[in-house]
>>> print(open('run-v4.txt').read())   # compact mmCIF, C-alpha atoms
# COMPACT_ATOMS: atom_id res chain seq x y z
CA MET A 1 0.00 0.00 0.00
CA GLN A 2 1.18 3.52 -0.82
CA ILE A 3 0.29 6.81 0.88
CA ILE A 4 -0.12 10.15 -0.88
CA GLU A 5 0.29 13.13 1.48
CA LEU A 6 -1.72 16.27 0.86
CA GLU A 7 -2.26 19.64 2.44
CA THR A 8 -5.49 21.49 1.76
CA SER A 9 -5.60 25.27 1.99
CA LYS A 10 -9.31 26.10 2.07
CA HIS A 11 -12.41 24.97 3.94
CA SER A 12 -13.80 23.26 0.82
CA GLU A 13 -11.40 22.39 -1.96
CA ILE A 14 -10.94 19.92 -4.83
CA LEU A 15 -7.34 18.79 -5.48
CA ASP A 16 -6.27 16.93 -8.62
CA ILE A 17 -4.23 13.85 -7.64
CA THR A 18 -4.31 12.08 -11.03
CA GLU A 19 -0.59 12.37 -11.76
CA ARG A 20 0.42 11.14 -8.32
CA VAL A 21 -1.92 8.15 -8.59
CA ASP A 22 -0.67 7.36 -12.10
CA SER A 23 2.95 7.58 -10.98
CA ILE A 24 2.33 5.01 -8.21
CA VAL A 25 0.58 2.68 -10.68
CA GLN A 26 3.57 2.87 -13.02
CA LYS A 27 6.08 2.25 -10.20
CA SER A 28 4.06 -0.82 -9.08
CA GLY A 29 5.00 -2.52 -12.36
CA ILE A 30 1.46 -3.95 -12.55
CA LYS A 31 0.21 -3.92 -16.14
CA GLU A 32 -3.34 -5.32 -15.85
CA GLY A 33 -5.64 -5.02 -12.85
CA ILE A 34 -7.33 -2.37 -10.75
CA CYS A 35 -6.24 0.59 -8.66
CA ILE A 36 -8.05 1.62 -5.43
CA VAL A 37 -7.79 5.24 -4.25
CA PHE A 38 -9.08 5.50 -0.66
CA CYS A 39 -9.68 8.49 1.63
CA PRO A 40 -9.12 7.57 5.32
CA HIS A 41 -10.89 10.73 6.56
CA THR A 42 -14.58 11.17 7.43
CA THR A 43 -14.85 14.81 6.30
CA ALA A 44 -13.31 14.41 2.84
CA ALA A 45 -13.86 12.15 -0.19
CA ILE A 46 -12.48 10.88 -3.50
CA THR A 47 -14.19 11.57 -6.82
CA ILE A 48 -13.52 11.26 -10.54
CA ASN A 49 -14.71 14.16 -12.67
CA GLU A 50 -13.81 16.73 -15.32
CA ASN A 51 -10.15 17.78 -15.29
CA ALA A 52 -10.41 20.57 -17.86
CA ASP A 53 -12.49 23.61 -16.79
CA PRO A 54 -11.80 24.56 -13.12
CA SER A 55 -15.27 26.15 -12.90
CA VAL A 56 -16.76 22.62 -12.68
CA LYS A 57 -15.04 22.24 -9.29
CA LYS A 58 -16.49 25.57 -8.13
CA ASP A 59 -19.99 24.58 -9.24
CA MET A 60 -19.65 21.23 -7.46
CA ILE A 61 -18.56 22.77 -4.15
CA ASN A 62 -21.34 25.38 -4.33
CA SER A 63 -24.05 22.85 -5.22
CA LEU A 64 -23.03 20.50 -2.39
CA GLU A 65 -23.03 23.46 0.03
CA THR A 66 -26.57 24.37 -1.09
CA LEU A 67 -27.76 20.77 -0.61
CA ILE A 68 -26.02 20.24 2.75
CA PRO A 69 -25.61 23.68 4.35
CA TRP A 70 -22.78 24.09 6.88
CA THR A 71 -25.11 25.73 9.39
CA ASN A 72 -28.26 23.80 10.11
CA ASP A 73 -30.04 22.13 13.00
CA TYR A 74 -27.34 19.46 13.45
CA ALA A 75 -26.94 17.34 16.62
CA HIS A 76 -23.18 16.66 16.22
CA ILE A 77 -21.47 18.91 18.75
CA GLU A 78 -18.25 19.30 16.74
CA GLY A 79 -20.18 21.43 14.24
CA ASN A 80 -18.94 19.70 11.06
CA SER A 81 -21.84 17.33 10.33
CA ALA A 82 -22.22 18.83 6.85
CA ALA A 83 -18.69 17.64 5.99
CA HIS A 84 -19.47 14.10 7.23
CA ILE A 85 -22.65 13.94 5.15
CA LYS A 86 -20.98 15.26 1.97
CA SER A 87 -18.18 12.71 2.52
CA ALA A 88 -20.74 9.86 2.65
CA MET A 89 -22.57 11.16 -0.43
CA ILE A 90 -19.47 11.39 -2.63
CA GLY A 91 -17.83 8.29 -1.16
CA SER A 92 -14.55 7.28 0.44
CA SER A 93 -12.92 5.65 -2.59
CA ARG A 94 -12.79 5.16 -6.31
CA THR A 95 -11.64 2.11 -8.30
CA ILE A 96 -9.97 2.54 -11.70
CA ILE A 97 -9.06 -0.20 -14.19
CA VAL A 98 -5.35 -0.51 -15.07
CA LYS A 99 -4.43 -1.63 -18.61
CA ASP A 100 -0.96 -1.74 -20.20
CA GLY A 101 0.32 -0.16 -16.99
CA HIS A 102 -1.94 2.92 -17.32
CA LEU A 103 -5.05 4.18 -15.53
CA MET A 104 -8.01 3.66 -17.89
CA LEU A 105 -9.60 7.08 -17.34
CA GLY A 106 -11.79 8.75 -19.95
CA THR A 107 -10.42 11.71 -21.96
CA TRP A 108 -11.84 14.35 -19.60
CA GLN A 109 -11.52 12.45 -16.32
CA GLY A 110 -9.20 13.25 -13.43
CA ILE A 111 -9.02 11.78 -9.90
CA PHE A 112 -9.72 14.32 -7.16
CA PHE A 113 -9.46 14.58 -3.39
CA ILE A 114 -12.34 16.69 -2.03
CA GLU A 115 -11.81 18.53 1.24
CA PHE A 116 -15.01 19.42 3.11
CA ASP A 117 -13.54 20.61 6.45
CA GLY A 118 -10.11 22.13 5.79
CA PRO A 119 -7.55 23.40 5.77
CA ARG A 120 -5.89 20.21 7.04
CA LYS A 121 -3.05 17.78 6.43
CA ARG A 122 -4.56 14.75 4.69
CA GLU A 123 -3.59 11.35 3.33
CA VAL A 124 -4.81 9.13 0.51
CA TYR A 125 -4.25 5.36 0.62
CA MET A 126 -3.59 3.52 -2.65
CA GLU A 127 -3.35 -0.09 -3.67
CA VAL A 128 -2.90 -1.76 -7.08
CA VAL A 129 -4.27 -5.30 -7.44
CA PRO A 130 -3.08 -7.32 -10.44
CA LYS A 131 -5.53 -9.32 -12.54
CA MET B 1 -10.44 -5.12 -20.17
CA GLN B 2 -13.69 -5.18 -22.12
CA ILE B 3 -15.73 -2.28 -23.51
CA ILE B 4 -19.52 -2.13 -23.68
CA GLU B 5 -20.77 0.36 -26.30
CA LEU B 6 -24.02 2.22 -25.67
CA GLU B 7 -26.12 4.86 -27.32
CA THR B 8 -28.43 6.95 -25.18
CA SER B 9 -31.54 8.51 -26.71
CA LYS B 10 -32.66 11.09 -24.14
CA HIS B 11 -31.12 13.91 -22.13
CA SER B 12 -31.42 11.92 -18.89
CA GLU B 13 -31.83 8.16 -19.13
CA ILE B 14 -31.15 4.97 -17.16
CA LEU B 15 -30.09 1.94 -19.24
CA ASP B 16 -30.01 -1.62 -17.86
CA ILE B 17 -26.64 -3.21 -18.72
CA THR B 18 -26.88 -6.21 -16.35
CA GLU B 19 -27.06 -8.88 -19.08
CA ARG B 20 -24.12 -7.44 -21.02
CA VAL B 21 -22.01 -7.28 -17.84
CA ASP B 22 -23.00 -10.83 -16.88
CA SER B 23 -22.16 -12.12 -20.33
CA ILE B 24 -18.63 -10.65 -20.12
CA VAL B 25 -18.14 -12.18 -16.67
CA GLN B 26 -19.14 -15.61 -18.01
CA LYS B 27 -16.85 -15.30 -21.06
CA SER B 28 -13.94 -14.36 -18.76
CA GLY B 29 -14.04 -17.86 -17.30
CA ILE B 30 -13.37 -16.38 -13.85
CA LYS B 31 -15.40 -18.18 -11.19
CA GLU B 32 -14.48 -16.34 -7.97
CA GLY B 33 -13.48 -12.69 -7.70
CA ILE B 34 -14.85 -9.23 -8.39
CA CYS B 35 -16.15 -7.35 -11.40
CA ILE B 36 -15.58 -3.60 -11.91
CA VAL B 37 -18.01 -1.64 -14.10
CA PHE B 38 -16.55 1.80 -14.87
CA CYS B 39 -17.98 4.85 -16.65
CA PRO B 40 -15.24 6.84 -18.46
CA HIS B 41 -17.49 9.90 -18.91
CA THR B 42 -17.86 12.90 -16.58
CA THR B 43 -21.57 13.52 -17.26
CA ALA B 44 -22.82 9.96 -16.71
CA ALA B 45 -22.53 7.35 -13.96
CA ILE B 46 -22.98 3.70 -12.98
CA THR B 47 -25.48 2.58 -10.35
CA ILE B 48 -27.05 -0.59 -9.00
CA ASN B 49 -30.75 -0.40 -8.22
CA GLU B 50 -34.19 -1.95 -8.70
CA ASN B 51 -34.62 -3.76 -12.01
CA ALA B 52 -38.36 -4.47 -11.70
CA ASP B 53 -40.62 -1.39 -11.78
CA PRO B 54 -39.48 1.15 -14.43
CA SER B 55 -41.11 3.97 -12.43
CA VAL B 56 -38.19 3.79 -9.96
CA LYS B 57 -35.91 5.05 -12.77
CA LYS B 58 -38.31 7.92 -13.49
CA ASP B 59 -38.46 8.90 -9.80
CA MET B 60 -34.67 8.80 -9.57
CA ILE B 61 -34.15 11.05 -12.60
CA ASN B 62 -36.80 13.50 -11.36
CA SER B 63 -35.42 13.61 -7.80
CA LEU B 64 -31.85 14.20 -9.00
CA GLU B 65 -33.13 16.98 -11.32
CA THR B 66 -34.89 18.61 -8.35
CA LEU B 67 -31.74 18.43 -6.20
CA ILE B 68 -29.35 19.61 -8.95
CA PRO B 69 -31.40 21.71 -11.38
CA TRP B 70 -30.11 21.95 -14.97
CA THR B 71 -30.48 25.73 -14.97
CA ASN B 72 -28.85 27.48 -12.05
CA ASP B 73 -26.16 30.04 -11.34
CA TYR B 74 -23.33 27.81 -12.60
CA ALA B 75 -19.87 29.09 -13.56
CA HIS B 76 -19.05 26.31 -16.07
CA ILE B 77 -19.44 27.88 -19.51
CA GLU B 78 -20.41 24.64 -21.27
CA GLY B 79 -23.75 24.74 -19.41
CA ASN B 80 -23.77 21.12 -18.22
CA SER B 81 -22.49 21.51 -14.66
CA ALA B 82 -25.59 19.76 -13.31
CA ALA B 83 -24.59 16.61 -15.24
CA HIS B 84 -21.05 16.73 -13.80
CA ILE B 85 -22.37 17.10 -10.24
CA LYS B 86 -24.91 14.26 -10.59
CA SER B 87 -22.13 12.09 -12.04
CA ALA B 88 -19.96 12.73 -8.96
CA MET B 89 -22.87 12.08 -6.58
CA ILE B 90 -23.81 8.71 -8.08
CA GLY B 91 -20.21 7.72 -8.86
CA SER B 92 -18.15 6.51 -11.77
CA SER B 93 -18.13 2.80 -11.00
CA ARG B 94 -19.61 -0.12 -9.14
CA THR B 95 -17.90 -3.31 -7.91
CA ILE B 96 -19.82 -6.61 -7.81
CA ILE B 97 -18.66 -9.89 -6.26
CA VAL B 98 -18.40 -12.89 -8.66
CA LYS B 99 -19.16 -16.36 -7.28
CA ASP B 100 -19.47 -19.65 -9.21
CA GLY B 101 -19.01 -17.55 -12.38
CA HIS B 102 -22.06 -15.37 -11.66
CA LEU B 103 -22.60 -11.77 -10.54
CA MET B 104 -23.72 -11.85 -6.90
CA LEU B 105 -26.53 -9.30 -7.25
CA GLY B 106 -29.55 -9.27 -4.97
CA THR B 107 -32.92 -10.50 -6.27
CA TRP B 108 -34.12 -7.03 -7.31
CA GLN B 109 -30.79 -5.54 -8.34
CA GLY B 110 -29.71 -4.59 -11.84
CA ILE B 111 -26.62 -2.67 -13.06
CA PHE B 112 -27.44 0.61 -14.81
CA PHE B 113 -25.71 3.24 -16.89
CA ILE B 114 -27.14 6.69 -16.09
CA GLU B 115 -26.95 9.36 -18.78
CA PHE B 116 -27.14 12.94 -17.49
CA ASP B 117 -26.26 14.88 -20.68
CA GLY B 118 -27.45 12.87 -23.68
CA PRO B 119 -28.24 11.74 -26.18
CA ARG B 120 -24.68 10.55 -26.83
CA LYS B 121 -22.59 7.54 -27.81
CA ARG B 122 -21.10 6.16 -24.60
CA GLU B 123 -18.79 3.41 -23.40
CA VAL B 124 -18.51 1.34 -20.22
CA TYR B 125 -15.19 -0.24 -19.23
CA MET B 126 -15.22 -3.63 -17.48
CA GLU B 127 -12.66 -5.77 -15.75
CA VAL B 128 -12.94 -9.05 -13.86
CA VAL B 129 -10.29 -9.72 -11.20
CA PRO B 130 -9.96 -13.31 -9.92
CA LYS B 131 -9.65 -14.00 -6.23
CA MET C 1 -17.73 -15.07 -0.43
CA GLN C 2 -19.05 -14.53 3.08
CA ILE C 3 -22.47 -13.29 4.19
CA ILE C 4 -23.15 -11.07 7.19
CA GLU C 5 -26.76 -11.33 8.43
CA LEU C 6 -28.41 -8.27 9.95
CA GLU C 7 -31.75 -7.27 11.35
CA THR C 8 -32.71 -3.61 11.33
CA SER C 9 -35.18 -2.28 13.90
CA LYS C 10 -36.18 1.12 12.53
CA HIS C 11 -37.36 2.63 9.26
CA SER C 12 -34.04 4.44 8.78
CA GLU C 13 -31.03 3.20 10.70
CA ILE C 14 -27.23 3.09 10.52
CA LEU C 15 -25.60 -0.10 11.85
CA ASP C 16 -21.86 -0.40 12.54
CA ILE C 17 -20.53 -3.62 10.92
CA THR C 18 -16.80 -2.83 11.19
CA GLU C 19 -15.96 -5.58 13.66
CA ARG C 20 -17.82 -8.25 11.68
CA VAL C 21 -16.08 -7.19 8.45
CA ASP C 22 -12.68 -7.13 10.19
CA SER C 23 -13.27 -10.57 11.67
CA ILE C 24 -13.97 -12.05 8.21
CA VAL C 25 -10.84 -10.39 6.80
CA GLN C 26 -8.74 -11.93 9.58
CA LYS C 27 -10.30 -15.39 9.09
CA SER C 28 -9.56 -15.20 5.34
CA GLY C 29 -5.84 -15.28 6.12
CA ILE C 30 -5.26 -12.71 3.37
CA LYS C 31 -2.59 -10.21 4.43
CA GLU C 32 -2.40 -7.80 1.46
CA GLY C 33 -5.24 -6.95 -0.90
CA ILE C 34 -8.70 -5.42 -0.85
CA CYS C 35 -12.00 -6.13 0.84
CA ILE C 36 -15.37 -5.53 -0.86
CA VAL C 37 -18.46 -4.94 1.32
CA PHE C 38 -21.61 -5.17 -0.86
CA CYS C 39 -25.29 -4.53 -0.09
CA PRO C 40 -27.57 -6.79 -2.19
CA HIS C 41 -30.67 -4.68 -1.41
CA THR C 42 -32.06 -1.74 -3.40
CA THR C 43 -33.39 0.22 -0.41
CA ALA C 44 -30.23 0.14 1.73
CA ALA C 45 -26.56 1.02 1.24
CA ILE C 46 -23.01 0.72 2.59
CA THR C 47 -21.01 3.72 3.77
CA ILE C 48 -17.82 4.52 5.64
CA ASN C 49 -18.02 7.38 8.11
CA GLU C 50 -17.36 8.58 11.67
CA ASN C 51 -17.58 5.83 14.29
CA ALA C 52 -17.27 8.04 17.37
CA ASP C 53 -20.20 10.43 17.99
CA PRO C 54 -23.58 8.72 17.31
CA SER C 55 -25.13 12.13 16.55
CA VAL C 56 -23.37 12.08 13.15
CA LYS C 57 -25.61 9.15 12.18
CA LYS C 58 -28.71 11.06 13.27
CA ASP C 59 -27.65 14.14 11.28
CA MET C 60 -27.00 11.98 8.21
CA ILE C 61 -30.40 10.29 8.33
CA ASN C 62 -32.16 13.63 8.85
CA SER C 63 -30.27 15.39 6.05
CA LEU C 64 -30.96 12.59 3.56
CA GLU C 65 -34.65 12.66 4.56
CA THR C 66 -34.74 16.43 3.91
CA LEU C 67 -33.11 16.00 0.49
CA ILE C 68 -35.22 13.00 -0.57
CA PRO C 69 -38.51 13.22 1.37
CA TRP C 70 -40.40 9.96 1.92
CA THR C 71 -43.66 11.50 0.70
CA ASN C 72 -43.43 13.23 -2.64
CA ASP C 73 -44.93 13.03 -6.11
CA TYR C 74 -43.35 9.62 -6.86
CA ALA C 75 -44.53 7.29 -9.65
CA HIS C 76 -43.35 4.02 -8.01
CA ILE C 77 -46.50 2.35 -6.70
CA GLU C 78 -44.75 0.54 -3.82
CA GLY C 79 -44.28 3.91 -2.11
CA ASN C 80 -40.59 3.52 -1.22
CA SER C 81 -38.94 5.43 -4.06
CA ALA C 82 -37.15 7.67 -1.55
CA ALA C 83 -35.33 4.58 -0.19
CA HIS C 84 -34.26 3.52 -3.71
CA ILE C 85 -32.91 7.00 -4.49
CA LYS C 86 -31.00 7.28 -1.19
CA SER C 87 -29.55 3.80 -1.84
CA ALA C 88 -28.25 4.93 -5.27
CA MET C 89 -26.83 8.16 -3.82
CA ILE C 90 -24.86 6.48 -1.03
CA GLY C 91 -23.96 3.42 -3.12
CA SER C 92 -24.21 -0.36 -2.90
CA SER C 93 -20.65 -1.10 -1.81
CA ARG C 94 -17.39 0.10 -0.35
CA THR C 95 -13.85 -1.16 -1.01
CA ILE C 96 -11.23 -1.08 1.75
CA ILE C 97 -7.50 -1.82 1.43
CA VAL C 98 -6.16 -4.74 3.52
CA LYS C 99 -2.59 -4.51 4.84
CA ASP C 100 -0.84 -6.86 7.30
CA GLY C 101 -4.18 -8.66 7.59
CA HIS C 102 -6.03 -5.54 8.78
CA LEU C 103 -8.59 -3.17 7.26
CA MET C 104 -6.79 0.10 6.48
CA LEU C 105 -9.45 2.43 7.85
CA GLY C 106 -8.68 5.91 9.16
CA THR C 107 -8.70 6.57 12.91
CA TRP C 108 -12.32 7.76 12.98
CA GLN C 109 -13.73 5.53 10.25
CA GLY C 110 -16.20 2.69 10.64
CA ILE C 111 -18.09 0.63 8.03
CA PHE C 112 -21.86 1.02 8.20
CA PHE C 113 -24.97 -0.60 6.75
CA ILE C 114 -27.65 2.05 6.14
CA GLU C 115 -31.28 0.93 6.21
CA PHE C 116 -33.68 3.21 4.33
CA ASP C 117 -36.85 1.07 4.38
CA GLY C 118 -36.84 -1.04 7.54
CA PRO C 119 -37.26 -2.76 9.77
CA ARG C 120 -36.15 -5.80 7.74
CA LYS C 121 -33.85 -8.81 7.74
CA ARG C 122 -30.85 -7.90 5.61
CA GLU C 123 -27.61 -9.38 4.29
CA VAL C 124 -24.20 -7.99 3.40
CA TYR C 125 -21.94 -9.83 0.93
CA MET C 126 -18.18 -9.74 1.50
CA GLU C 127 -15.17 -10.80 -0.50
CA VAL C 128 -11.44 -10.41 0.13
CA VAL C 129 -9.18 -10.34 -2.94
CA PRO C 130 -5.44 -10.88 -2.37
CA LYS C 131 -2.92 -8.65 -4.08
>>> encode(input="run-v4.txt", output="structure tokens")
Amino acid sequence: MQIIELETSKHSEILDITERVDSIVQKSGIKEGICIVFCPHTTAAITINENADPSVKKDMINSLETLIPWTNDYAHIEGNSAAHIKSAMIGSSRTIIVKDGHLMLGTWQGIFFIEFDGPRKREVYMEVVPK
Amino acid sequence: MQIIELETSKHSEILDITERVDSIVQKSGIKEGICIVFCPHTTAAITINENADPSVKKDMINSLETLIPWTNDYAHIEGNSAAHIKSAMIGSSRTIIVKDGHLMLGTWQGIFFIEFDGPRKREVYMEVVPK
Amino acid sequence: MQIIELETSKHSEILDITERVDSIVQKSGIKEGICIVFCPHTTAAITINENADPSVKKDMINSLETLIPWTNDYAHIEGNSAAHIKSAMIGSSRTIIVKDGHLMLGTWQGIFFIEFDGPRKREVYMEVVPK
């Protein structure tokens, strides 16, 4: 298992980790199989989405904030229930197929770490399983 | 890796791909393991849900449209931010356990491709990893 | 493949299954690989989230109920469309990395079965795939 270390700089933020994931896949030497990208935090998530226009990230953060507002009638005393709920909605991991030693992403896809309660130091766990 | 080719006919649409996924699992000859069904597009997704009453699909499309309206104050100039956000919420892939050469789905479960910005030609990537 | 049997006692409920999943991983004898936790039901889901303060679960159930109200203008005659939609939004499975024979969860993470249309008898399918 490999660990990617990150540092987020805003309260909500989407960081592109595609190149770091791809580099670990290539170093693994595994040509055919699957790659698991896992977020070990309960107020952040992993997603795959458009890597071209940065305004997509902005729209995603704003839409999620509208759906799950930070301030609401939450019971959780720590005050960050919204981040936990967004984390569960987007999900803690993504699985990508590996072929010829490369991540089989679509043309416009990138792999992203989403911070919902930053800024914080964060980690991403990765594993590559051969076919 | 195998590719399933699809053609969607509406703007938002849910297509059952269970039989095509099952057929690829059977042809793989793999009896025990897992199957990954991956959507390489950023305005579509993969889900597993009820395969019996078609009205569930209609309710799902309508509910997602209510949560993430097509027209809103989005920054993304292409105009399809809602499709990107729905894609991230549902997710780009699903993993199903394979046992005795069959997909271990529940009685009422089917595997679906969800189009959020069609009609378009689409692909689904598939891999079967033995145990 | 292993099956975890559950019985939910409320209409909406979040049950911690971390210890049962971990126990199956340890019995498998697999030291390095991945573990798939799969929900074969279309009105329930699997998530990974905070295992410490139980109020996070309450906030999650309430927020999802606000987003996808039980009573609405649904077409599905069975009356439980909201449960199907929540199930698709949270997702039917989670994948966790296994290292040194242990689930590589973060400090505050647990694995949870979410019931959206209980009380019912339920199952969770599990598979461990070695690296």
>>> calpha_fit_and_write(input="run-v4.txt", fixed="chain A", moving="chain C", output="CSV table (one decimal) with C-alpha atoms, in the coordinates of the input")
chain,number,residue,atom,x,y,z
C,1,MET,CA,0.0,0.0,0.0
C,2,GLN,CA,1.2,3.5,-0.8
C,3,ILE,CA,0.3,6.8,0.9
C,4,ILE,CA,-0.1,10.1,-0.9
C,5,GLU,CA,0.3,13.1,1.5
C,6,LEU,CA,-1.7,16.3,0.9
C,7,GLU,CA,-2.3,19.6,2.4
C,8,THR,CA,-5.5,21.5,1.8
C,9,SER,CA,-5.6,25.3,2.0
C,10,LYS,CA,-9.3,26.1,2.1
C,11,HIS,CA,-12.4,25.0,3.9
C,12,SER,CA,-13.8,23.3,0.8
C,13,GLU,CA,-11.4,22.4,-2.0
C,14,ILE,CA,-10.9,19.9,-4.8
C,15,LEU,CA,-7.3,18.8,-5.5
C,16,ASP,CA,-6.3,16.9,-8.6
C,17,ILE,CA,-4.2,13.8,-7.6
C,18,THR,CA,-4.3,12.1,-11.0
C,19,GLU,CA,-0.6,12.4,-11.8
C,20,ARG,CA,0.4,11.1,-8.3
C,21,VAL,CA,-1.9,8.1,-8.6
C,22,ASP,CA,-0.7,7.4,-12.1
C,23,SER,CA,2.9,7.6,-11.0
C,24,ILE,CA,2.3,5.0,-8.2
C,25,VAL,CA,0.6,2.7,-10.7
C,26,GLN,CA,3.6,2.9,-13.0
C,27,LYS,CA,6.1,2.3,-10.2
C,28,SER,CA,4.1,-0.8,-9.1
C,29,GLY,CA,5.0,-2.5,-12.4
C,30,ILE,CA,1.5,-3.9,-12.6
C,31,LYS,CA,0.2,-3.9,-16.1
C,32,GLU,CA,-3.3,-5.3,-15.9
C,33,GLY,CA,-5.6,-5.0,-12.8
C,34,ILE,CA,-7.3,-2.4,-10.7
C,35,CYS,CA,-6.2,0.6,-8.7
C,36,ILE,CA,-8.0,1.6,-5.4
C,37,VAL,CA,-7.8,5.2,-4.3
C,38,PHE,CA,-9.1,5.5,-0.7
C,39,CYS,CA,-9.7,8.5,1.6
C,40,PRO,CA,-9.1,7.6,5.3
C,41,HIS,CA,-10.9,10.7,6.6
C,42,THR,CA,-14.6,11.2,7.4
C,43,THR,CA,-14.9,14.8,6.3
C,44,ALA,CA,-13.3,14.4,2.8
C,45,ALA,CA,-13.9,12.1,-0.2
C,46,ILE,CA,-12.5,10.9,-3.5
C,47,THR,CA,-14.2,11.6,-6.8
C,48,ILE,CA,-13.5,11.3,-10.5
C,49,ASN,CA,-14.7,14.2,-12.7
C,50,GLU,CA,-13.8,16.7,-15.3
C,51,ASN,CA,-10.2,17.8,-15.3
C,52,ALA,CA,-10.4,20.6,-17.9
C,53,ASP,CA,-12.5,23.6,-16.8
C,54,PRO,CA,-11.8,24.6,-13.1
C,55,SER,CA,-15.3,26.2,-12.9
C,56,VAL,CA,-16.8,22.6,-12.7
C,57,LYS,CA,-15.0,22.3,-9.3
C,58,LYS,CA,-16.5,25.6,-8.1
C,59,ASP,CA,-20.0,24.6,-9.2
C,60,MET,CA,-19.6,21.2,-7.5
C,61,ILE,CA,-18.6,22.8,-4.2
C,62,ASN,CA,-21.3,25.4,-4.3
C,63,SER,CA,-24.0,22.8,-5.2
C,64,LEU,CA,-23.0,20.5,-2.4
C,65,GLU,CA,-23.0,23.5,0.0
C,66,THR,CA,-26.6,24.4,-1.1
C,67,LEU,CA,-27.8,20.8,-0.6
C,68,ILE,CA,-26.0,20.2,2.8
C,69,PRO,CA,-25.6,23.7,4.3
C,70,TRP,CA,-22.8,24.1,6.9
C,71,THR,CA,-25.1,25.7,9.4
C,72,ASN,CA,-28.3,23.8,10.1
C,73,ASP,CA,-30.1,22.1,13.0
C,74,TYR,CA,-27.4,19.4,13.5
C,75,ALA,CA,-27.0,17.3,16.6
C,76,HIS,CA,-23.2,16.7,16.2
C,77,ILE,CA,-21.5,18.9,18.7
C,78,GLU,CA,-18.3,19.3,16.7
C,79,GLY,CA,-20.2,21.4,14.2
C,80,ASN,CA,-18.9,19.7,11.1
C,81,SER,CA,-21.8,17.3,10.3
C,82,ALA,CA,-22.2,18.8,6.8
C,83,ALA,CA,-18.7,17.6,6.0
C,84,HIS,CA,-19.5,14.1,7.2
C,85,ILE,CA,-22.7,13.9,5.1
C,86,LYS,CA,-21.0,15.3,2.0
C,87,SER,CA,-18.2,12.7,2.5
C,88,ALA,CA,-20.7,9.9,2.7
C,89,MET,CA,-22.6,11.2,-0.4
C,90,ILE,CA,-19.5,11.4,-2.6
C,91,GLY,CA,-17.8,8.3,-1.1
C,92,SER,CA,-14.5,7.3,0.5
C,93,SER,CA,-12.9,5.7,-2.6
C,94,ARG,CA,-12.8,5.2,-6.3
C,95,THR,CA,-11.6,2.1,-8.3
C,96,ILE,CA,-10.0,2.5,-11.7
C,97,ILE,CA,-9.1,-0.2,-14.2
C,98,VAL,CA,-5.3,-0.5,-15.1
C,99,LYS,CA,-4.4,-1.6,-18.6
C,100,ASP,CA,-1.0,-1.7,-20.2
C,101,GLY,CA,0.3,-0.2,-17.0
C,102,HIS,CA,-1.9,2.9,-17.3
C,103,LEU,CA,-5.0,4.2,-15.5
C,104,MET,CA,-8.0,3.7,-17.9
C,105,LEU,CA,-9.6,7.1,-17.3
C,106,GLY,CA,-11.8,8.8,-19.9
C,107,THR,CA,-10.4,11.7,-22.0
C,108,TRP,CA,-11.8,14.3,-19.6
C,109,GLN,CA,-11.5,12.5,-16.3
C,110,GLY,CA,-9.2,13.2,-13.4
C,111,ILE,CA,-9.0,11.8,-9.9
C,112,PHE,CA,-9.7,14.3,-7.2
C,113,PHE,CA,-9.5,14.6,-3.4
C,114,ILE,CA,-12.4,16.7,-2.0
C,115,GLU,CA,-11.8,18.5,1.2
C,116,PHE,CA,-15.0,19.4,3.1
C,117,ASP,CA,-13.5,20.6,6.4
C,118,GLY,CA,-10.1,22.1,5.8
C,119,PRO,CA,-7.6,23.4,5.8
C,120,ARG,CA,-5.9,20.2,7.0
C,121,LYS,CA,-3.1,17.8,6.4
C,122,ARG,CA,-4.6,14.8,4.7
C,123,GLU,CA,-3.6,11.3,3.3
C,124,VAL,CA,-4.8,9.1,0.5
C,125,TYR,CA,-4.3,5.4,0.6
C,126,MET,CA,-3.6,3.5,-2.7
C,127,GLU,CA,-3.3,-0.1,-3.7
C,128,VAL,CA,-2.9,-1.7,-7.1
C,129,VAL,CA,-4.3,-5.3,-7.4
C,130,PRO,CA,-3.1,-7.3,-10.4
C,131,LYS,CA,-5.5,-9.3,-12.5
>>> interface_residues(input="run-v4.txt", of="chain A", to="chain C", cutoff="6 Å", atoms="only C-alpha atoms", output="JSON list (two decimals) with C-alpha atoms, in the frame of the given file")
[["chain", "number", "residue", "atom", "x", "y", "z"],
["A", 40, "PRO", "CA", -9.12, 7.57, 5.32],
["A", 41, "HIS", "CA", -10.89, 10.73, 6.56],
["A", 42, "THR", "CA", -14.58, 11.17, 7.43],
["A", 74, "TYR", "CA", -27.34, 19.46, 13.45],
["A", 75, "ALA", "CA", -26.94, 17.34, 16.62],
["A", 76, "HIS", "CA", -23.18, 16.66, 16.22],
["A", 85, "ILE", "CA", -22.65, 13.94, 5.15],
["A", 89, "MET", "CA", -22.57, 11.16, -0.43],
["A", 129, "VAL", "CA", -4.27, -5.30, -7.44]]
>>> residues_around(input="run-v4.txt", residues="Cys39 of chain A", least_positions_apart="6", cutoff="7 Å", atoms="all atoms listed in the file", output="list in words")
Ala45, Ile46, Ser92, Ser93, Glu123, Val124 and Tyr125 of chain A
>>> atom_distance(input="run-v4.txt", atom1="atom CA of Ile114 of chain C", atom2="atom CA of Ser81 of chain A")
16.9 Å
>>> residues_around(input="run-v4.txt", residues="Gly101 of chain C", least_positions_apart="5", cutoff="8 Å", atoms="all atoms listed in the file", output="ChimeraX atom specification")
/C:25-26,29-32
>>> atom_distance(input="run-v4.txt", atom1="atom CA of Ser87 of chain B", atom2="atom CA of Asp117 of chain B")
10.0 Å
>>> atom_distance(input="run-v4.txt", atom1="atom CA of Glu78 of chain B", atom2="atom CA of Ser12 of chain A")
23.1 Å
